[in-house]
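entry-v7.tsv follows (TSV, C-alpha atoms and all ligand atoms):
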```
chain	number	residue	atom	x	y	z
A	26	MET	CA	8.72	-1.27	-14.61
A	27	GLU	CA	10.63	-4.36	-13.64
A	28	ILE	CA	8.48	-7.51	-13.38
A	29	LEU	CA	9.46	-10.31	-11.01
A	30	ARG	CA	7.50	-13.53	-11.26
A	31	ALA	CA	6.77	-15.76	-8.30
A	32	GLY	CA	5.01	-19.12	-8.34
A	33	ASP	CA	2.55	-18.19	-5.64
A	34	TYR	CA	1.66	-15.83	-2.79
A	35	GLU	CA	4.43	-17.18	-0.54
A	36	GLY	CA	6.93	-16.56	-3.32
A	37	ILE	CA	5.77	-12.96	-3.75
A	38	SER	CA	6.01	-12.40	-0.01
A	39	ARG	CA	9.53	-13.85	0.15
A	40	ILE	CA	10.87	-11.71	-2.70
A	41	ALA	CA	9.28	-8.58	-1.24
A	42	ALA	CA	10.48	-9.32	2.31
A	43	ASP	CA	14.04	-9.80	0.98
A	44	LEU	CA	13.81	-6.46	-0.75
A	45	VAL	CA	12.47	-4.62	2.31
A	46	GLU	CA	15.12	-6.15	4.56
A	47	ARG	CA	17.90	-5.24	2.14
A	48	TYR	CA	16.63	-1.69	1.99
A	49	VAL	CA	16.56	-1.36	5.78
A	50	LEU	CA	20.01	-2.94	6.20
A	51	ASN	CA	21.42	-0.41	3.71
A	52	LYS	CA	19.54	2.55	5.16
A	53	PRO	CA	18.42	1.86	8.76
A	54	GLY	CA	16.72	5.28	9.02
A	55	CYS	CA	14.72	4.92	5.81
A	56	THR	CA	11.06	5.86	5.40
A	57	ILE	CA	8.74	3.02	4.40
A	58	GLY	CA	5.25	3.62	3.06
A	59	PHE	CA	2.96	0.87	4.35
A	60	ALA	CA	0.03	-0.48	2.35
A	61	THR	CA	-2.60	-2.70	3.92
A	62	GLY	CA	-4.91	-5.40	2.55
A	63	SER	CA	-4.29	-9.03	1.76
A	64	SER	CA	-1.50	-8.42	-0.77
A	65	PRO	CA	1.23	-7.27	1.67
A	66	PHE	CA	0.00	-9.39	4.59
A	67	GLY	CA	2.48	-12.21	3.87
A	68	VAL	CA	5.37	-9.75	3.61
A	69	TYR	CA	4.68	-8.34	7.07
A	70	ARG	CA	4.32	-11.89	8.43
A	71	MET	CA	7.71	-12.86	7.00
A	72	LEU	CA	9.39	-9.66	8.18
A	73	ALA	CA	8.09	-10.32	11.70
A	74	GLU	CA	9.28	-13.96	11.62
A	75	ARG	CA	12.72	-12.96	10.42
A	76	TYR	CA	12.91	-10.16	13.00
A	77	ARG	CA	12.35	-12.76	15.72
A	78	GLN	CA	15.30	-14.72	14.34
A	79	GLY	CA	17.50	-11.63	14.82
A	80	GLY	CA	19.90	-9.69	12.65
A	81	ILE	CA	17.65	-6.77	11.71
A	82	SER	CA	16.21	-3.78	13.52
A	83	TYR	CA	13.40	-1.40	12.57
A	84	GLN	CA	14.04	0.94	15.46
A	85	LYS	CA	15.26	3.79	13.26
A	86	VAL	CA	12.76	3.25	10.43
A	87	ARG	CA	10.11	5.89	9.83
A	88	GLY	CA	6.74	4.62	8.67
A	89	VAL	CA	4.09	6.34	6.60
A	90	GLN	CA	0.50	5.22	6.29
A	91	LEU	CA	-0.63	4.95	2.67
A	92	ASP	CA	-4.33	5.31	3.30
A	93	GLU	CA	-7.03	5.16	5.97
A	94	TYR	CA	-10.81	4.98	6.18
A	95	TYR	CA	-12.43	8.27	7.02
A	96	GLY	CA	-14.44	8.27	10.24
A	97	LEU	CA	-13.11	4.99	11.61
A	98	GLU	CA	-11.29	5.56	14.86
A	99	LYS	CA	-7.66	4.45	15.01
A	100	GLU	CA	-8.47	1.72	17.55
A	101	HIS	CA	-11.20	0.16	15.38
A	102	LYS	CA	-10.11	-3.37	14.51
A	103	GLN	CA	-10.57	-2.69	10.77
A	104	SER	CA	-8.71	0.61	10.69
A	105	PHE	CA	-5.58	0.47	8.58
A	106	TYR	CA	-3.71	1.81	11.58
A	107	SER	CA	-4.71	-1.28	13.61
A	108	TYR	CA	-3.66	-3.50	10.72
A	109	ILE	CA	-0.15	-2.06	10.57
A	110	LYS	CA	0.15	-2.00	14.36
A	111	GLN	CA	-0.93	-5.61	14.70
A	112	ASN	CA	0.96	-7.03	11.75
A	113	PHE	CA	4.17	-5.05	11.87
A	114	MET	CA	4.67	-2.55	14.70
A	115	ASP	CA	3.79	-4.93	17.54
A	116	LYS	CA	5.83	-7.75	16.04
A	117	THR	CA	9.09	-5.88	15.51
A	118	ASP	CA	11.04	-3.17	17.33
A	119	PHE	CA	9.47	-0.48	15.11
A	120	GLN	CA	8.76	2.62	17.20
A	121	GLU	CA	5.11	3.66	17.05
A	122	GLU	CA	6.06	7.34	17.42
A	123	HIS	CA	7.95	7.09	14.11
A	124	PHE	CA	4.69	6.44	12.26
A	125	VAL	CA	2.98	9.16	10.23
A	126	ALA	CA	-0.75	8.45	10.13
A	127	PHE	CA	-3.93	10.20	9.06
A	128	ASP	CA	-6.19	11.51	11.78
A	129	SER	CA	-9.19	9.58	10.52
A	130	LEU	CA	-11.61	11.58	12.66
A	131	ALA	CA	-10.34	15.00	11.56
A	132	VAL	CA	-13.13	17.54	11.13
A	133	ASP	CA	-11.16	19.84	8.84
A	134	ILE	CA	-10.25	17.42	6.06
A	135	GLN	CA	-8.22	19.90	3.98
A	136	LYS	CA	-6.16	20.90	6.97
A	137	GLU	CA	-5.53	17.28	7.89
A	138	CYS	CA	-4.39	16.48	4.34
A	139	ARG	CA	-1.97	19.42	4.41
A	140	ARG	CA	-0.56	18.31	7.76
A	141	TYR	CA	-0.10	14.70	6.57
A	142	GLU	CA	1.53	15.82	3.31
A	143	LYS	CA	3.99	18.07	5.09
A	144	GLU	CA	4.93	15.33	7.55
A	145	VAL	CA	5.33	12.70	4.83
A	146	LEU	CA	7.62	14.93	2.79
A	147	SER	CA	9.70	15.99	5.76
A	148	GLU	CA	12.94	14.06	6.27
A	149	GLY	CA	13.23	13.49	2.53
A	150	GLY	CA	9.86	11.82	1.83
A	151	VAL	CA	9.22	8.14	1.21
A	152	ASP	CA	12.13	5.86	0.34
A	153	LEU	CA	10.38	2.55	-0.17
A	154	GLN	CA	6.66	2.41	-0.91
A	155	ILE	CA	4.84	-0.92	-0.64
A	156	LEU	CA	1.68	-1.09	-2.77
A	157	GLY	CA	-1.13	-3.44	-3.72
A	158	VAL	CA	-3.68	-2.80	-6.43
A	159	GLY	CA	-7.44	-2.70	-5.98
A	160	ASP	CA	-9.94	-4.30	-8.36
A	161	THR	CA	-10.65	-0.87	-9.85
A	162	GLY	CA	-6.93	-0.28	-10.49
A	163	HIS	CA	-6.61	1.95	-7.45
A	164	ILE	CA	-3.38	2.40	-5.53
A	165	GLY	CA	-3.82	3.53	-1.95
A	166	PHE	CA	-7.39	4.77	-2.28
A	167	ASN	CA	-6.78	6.71	-5.49
A	168	GLU	CA	-9.82	5.52	-7.39
A	169	PRO	CA	-10.22	5.93	-11.19
A	170	ASP	CA	-10.70	9.61	-11.97
A	171	GLU	CA	-10.47	12.31	-14.65
A	172	ALA	CA	-6.95	13.26	-13.62
A	173	PHE	CA	-4.18	11.94	-11.41
A	174	SER	CA	-4.21	13.40	-7.92
A	175	GLU	CA	-1.07	15.08	-6.66
A	176	THR	CA	-1.25	15.20	-2.89
A	177	ALA	CA	-3.19	13.68	0.01
A	178	HIS	CA	-6.96	13.89	-0.22
A	179	CYS	CA	-10.15	12.24	0.94
A	180	MET	CA	-11.78	10.12	-1.75
A	181	LYS	CA	-15.28	8.69	-2.22
A	182	LEU	CA	-14.90	4.94	-2.58
A	183	GLU	CA	-16.25	3.09	-5.62
A	184	PRO	CA	-19.06	0.57	-4.93
A	185	GLU	CA	-16.70	-2.15	-6.20
A	186	THR	CA	-14.08	-1.16	-3.60
A	187	ILE	CA	-16.66	-1.12	-0.81
A	188	GLU	CA	-17.81	-4.56	-1.91
A	189	ALA	CA	-14.24	-5.88	-2.04
A	190	ASN	CA	-13.46	-4.58	1.44
A	191	ALA	CA	-16.76	-5.77	2.95
A	192	ARG	CA	-15.11	-9.15	3.62
A	193	PHE	CA	-13.28	-7.51	6.53
A	194	PHE	CA	-16.46	-6.08	8.12
A	195	ASP	CA	-19.64	-7.72	9.45
A	196	SER	CA	-21.67	-6.18	6.63
A	197	PRO	CA	-21.06	-3.92	3.57
A	198	ASP	CA	-23.01	-1.11	5.34
A	199	GLU	CA	-20.20	-0.88	7.88
A	200	VAL	CA	-17.51	-0.10	5.28
A	201	PRO	CA	-16.83	3.64	5.39
A	202	GLY	CA	-17.77	5.44	2.16
A	203	TYR	CA	-14.76	7.77	2.16
A	204	ALA	CA	-11.06	7.35	2.80
A	205	PHE	CA	-7.91	9.41	3.10
A	206	THR	CA	-5.11	8.51	0.75
A	207	MET	CA	-1.63	9.55	-0.21
A	208	GLY	CA	-1.86	11.23	-3.64
A	209	ILE	CA	-0.44	9.73	-6.82
A	210	GLY	CA	2.13	12.57	-7.07
A	211	THR	CA	3.52	11.73	-3.64
A	212	ILE	CA	3.51	7.98	-4.36
A	213	MET	CA	5.50	8.68	-7.53
A	214	LYS	CA	8.07	10.65	-5.50
A	215	ALA	CA	9.02	7.49	-3.54
A	216	ARG	CA	12.55	6.39	-4.43
A	217	LYS	CA	11.57	2.76	-4.82
A	218	ILE	CA	8.14	1.21	-5.25
A	219	ILE	CA	7.15	-2.44	-4.93
A	220	LEU	CA	3.76	-3.45	-6.26
A	221	LEU	CA	2.44	-6.80	-5.03
A	222	VAL	CA	-0.23	-8.60	-7.02
A	223	ASN	CA	-1.50	-12.13	-6.54
A	224	GLY	CA	-4.28	-14.41	-7.65
A	225	GLU	CA	-6.46	-14.98	-10.67
A	226	GLY	CA	-8.92	-12.34	-9.48
A	227	LYS	CA	-6.33	-9.64	-10.18
A	228	ALA	CA	-5.31	-10.97	-13.64
A	229	ASP	CA	-7.67	-8.71	-15.56
A	230	ILE	CA	-6.77	-5.48	-13.78
A	231	LEU	CA	-3.06	-6.35	-13.88
A	232	LYS	CA	-3.22	-6.76	-17.63
A	233	ARG	CA	-4.75	-3.27	-17.88
A	234	VAL	CA	-2.09	-1.88	-15.51
A	235	VAL	CA	0.82	-3.38	-17.45
A	236	CYS	CA	-0.41	-3.44	-21.06
A	237	GLY	CA	-3.20	-0.85	-21.24
A	238	ARG	CA	-3.17	2.87	-21.72
A	239	ILE	CA	-1.43	4.87	-19.00
A	240	GLY	CA	-3.99	7.21	-17.47
A	241	PRO	CA	-6.05	8.11	-14.40
A	242	ARG	CA	-8.84	5.68	-15.37
A	243	VAL	CA	-6.48	2.90	-14.25
A	244	PRO	CA	-4.47	4.72	-11.56
A	245	ALA	CA	-1.84	1.97	-11.08
A	246	SER	CA	-0.85	2.28	-14.76
A	247	VAL	CA	1.11	5.43	-13.83
A	248	LEU	CA	3.63	3.21	-12.05
A	249	ARG	CA	5.05	2.31	-15.48
A	250	LEU	CA	6.44	5.85	-15.56
A	251	HIS	CA	8.26	5.47	-12.24
A	252	ARG	CA	12.02	5.18	-12.46
A	253	ASP	CA	12.32	2.29	-9.99
A	254	CYS	CA	9.14	0.30	-9.65
A	255	THR	CA	9.20	-3.48	-9.24
A	256	LEU	CA	6.03	-5.46	-9.81
A	257	ILE	CA	6.11	-8.78	-7.95
A	258	ALA	CA	3.30	-11.01	-9.15
A	259	ASP	CA	2.41	-14.69	-9.18
A	260	ASP	CA	1.62	-16.92	-12.17
A	261	ALA	CA	-2.12	-16.58	-11.63
A	262	ALA	CA	-2.08	-12.77	-11.65
A	263	LEU	CA	0.20	-12.74	-14.71
A	264	SER	CA	-1.85	-15.35	-16.62
A	265	LEU	CA	-3.70	-12.93	-18.94
A	266	ILE	CA	-0.50	-11.04	-19.74
A	267	ASP	CA	1.17	-14.37	-20.59
A	268	LYS	CA	-1.75	-15.18	-22.87
A	269	THR	CA	-1.44	-11.83	-24.68
A	270	ILE	CA	2.27	-12.40	-25.25
A	271	GLN	CA	1.66	-15.89	-26.65
A	272	GLU	CA	-1.03	-14.69	-29.08
B	1	LIG	C1	-7.46	-1.64	-0.40
B	1	LIG	C2	-6.42	-0.57	-0.02
B	1	LIG	C3	-5.22	-0.60	-0.92
B	1	LIG	C4	-4.94	-2.04	-1.27
B	1	LIG	C5	-6.03	-2.54	-2.17
B	1	LIG	C6	-5.95	-4.01	-2.51
B	1	LIG	O1	-8.74	-1.20	-0.31
B	1	LIG	N1	-6.91	0.75	0.01
B	1	LIG	O2	-4.15	0.05	-0.32
B	1	LIG	O3	-3.72	-2.13	-1.93
B	1	LIG	O4	-7.30	-2.18	-1.68
B	1	LIG	O5	-6.31	-4.82	-1.43
B	1	LIG	P1	-5.96	-6.33	-1.36
B	1	LIG	O6	-4.50	-6.43	-1.24
B	1	LIG	O7	-6.65	-6.84	-0.14
B	1	LIG	O8	-6.47	-6.97	-2.61
```
File written out as structure tokens:
Amino acid sequence: MEILRAGDYEGISRIAADLVERYVLNKPGCTIGFATGSSPFGVYRMLAERYRQGGISYQKVRGVQLDEYYGLEKEHKQSFYSYIKQNFMDKTDFQEEHFVAFDSLAVDIQKECRRYEKEVLSEGGVDLQILGVGDTGHIGFNEPDEAFSETAHCMKLEPETIEANARFFDSPDEVPGYAFTMGIGTIMKARKIILLVNGEGKADILKRVVCGRIGPRVPASVLRLHRDCTLIADDAALSLIDKTIQE
């Protein structure tokens, strides 16, 4: 795992936006896996700003949704679909029909997971996967478990995750208890992964991800086994790792 240090959130966003743009310029028809949450927000903002300035097009890019709340309709303002539409699709020339998303209202969950998996892996799978890490060490919504998941599935969310995501809803009761997610196996198949981590609040989990034991109890730790994963983190998130190195 390559580690790139940035001074702050803006720095992380700039490095990541550069990387995404470079990828798209080299391969205009690439497939990008889109994470949501506060970590990649700045990247999408910068990509949109730079798009407005000209010189790049996302018209041929294929997008894949990393995860989605179960039972929340697509149009709900807190659905991950709405997030990506608002922050990226509507602000660039990305074509909405090139986006592979979960049907969050699907009745047959297994069938929906199989459909999503097949679509994601078609056209060569994911080229560039953008990721954040949750407080529990989750990537996508792959919560700590006994074993790493392979393919798409619907996961029960940890109370800590529900609490962390409650800030986006009017009350914690409104946060869905289950969510669809791309599996760890499929994430690991992406050609390039960028993991964005910022702030002091993530320092503890980041230390476990980077220095702890690799295993499904800290799902993001598996990224250390990926052949081309770049962690982009700020000083605050790296502070406990720095301390360990100094000791
Ligand atoms: C969310 C999402 C993840 C995201 C993570 C961290 O619940 N399921 O895809 O990476 O938790 O979120 P944030 O970036 O807001 O800290």
- Query: Hey, which of A:Tyr34, A:Phe119, A:Phe205, A:Tyr83 ends up closest to A:Gly165? Count only C-alpha atoms.
  - Reply: A:Phe205
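Among A:His101, A:Lys232, A:Lys52, A:His178, the residue with the shortest atom-to-atom distance to A:Glu199, counting only C-alpha atoms, is A:His101.
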- Item | Among the residues A:Ile109, A:Ile57, A:Ile187, A:Met26, the one that comes closest to A:Leu220 [using only C-alpha atoms] |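 So, comparing all the options, the nearest one is A:Met26.
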- Task: Enumerate as a VMD selection string the residues within 7 Å of ligand LIG 1 (chain B), counting all atoms listed in the file.
- Result: chain A and resid 60 to 65 91 to 92 156 to 159 163 to 166 186 190
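If all atoms listed in the file are the atoms counted, then among A:Ile81, A:Arg233, A:Glu183, A:Pro244 the closest residue to A:Arg47 is A:Ile81.
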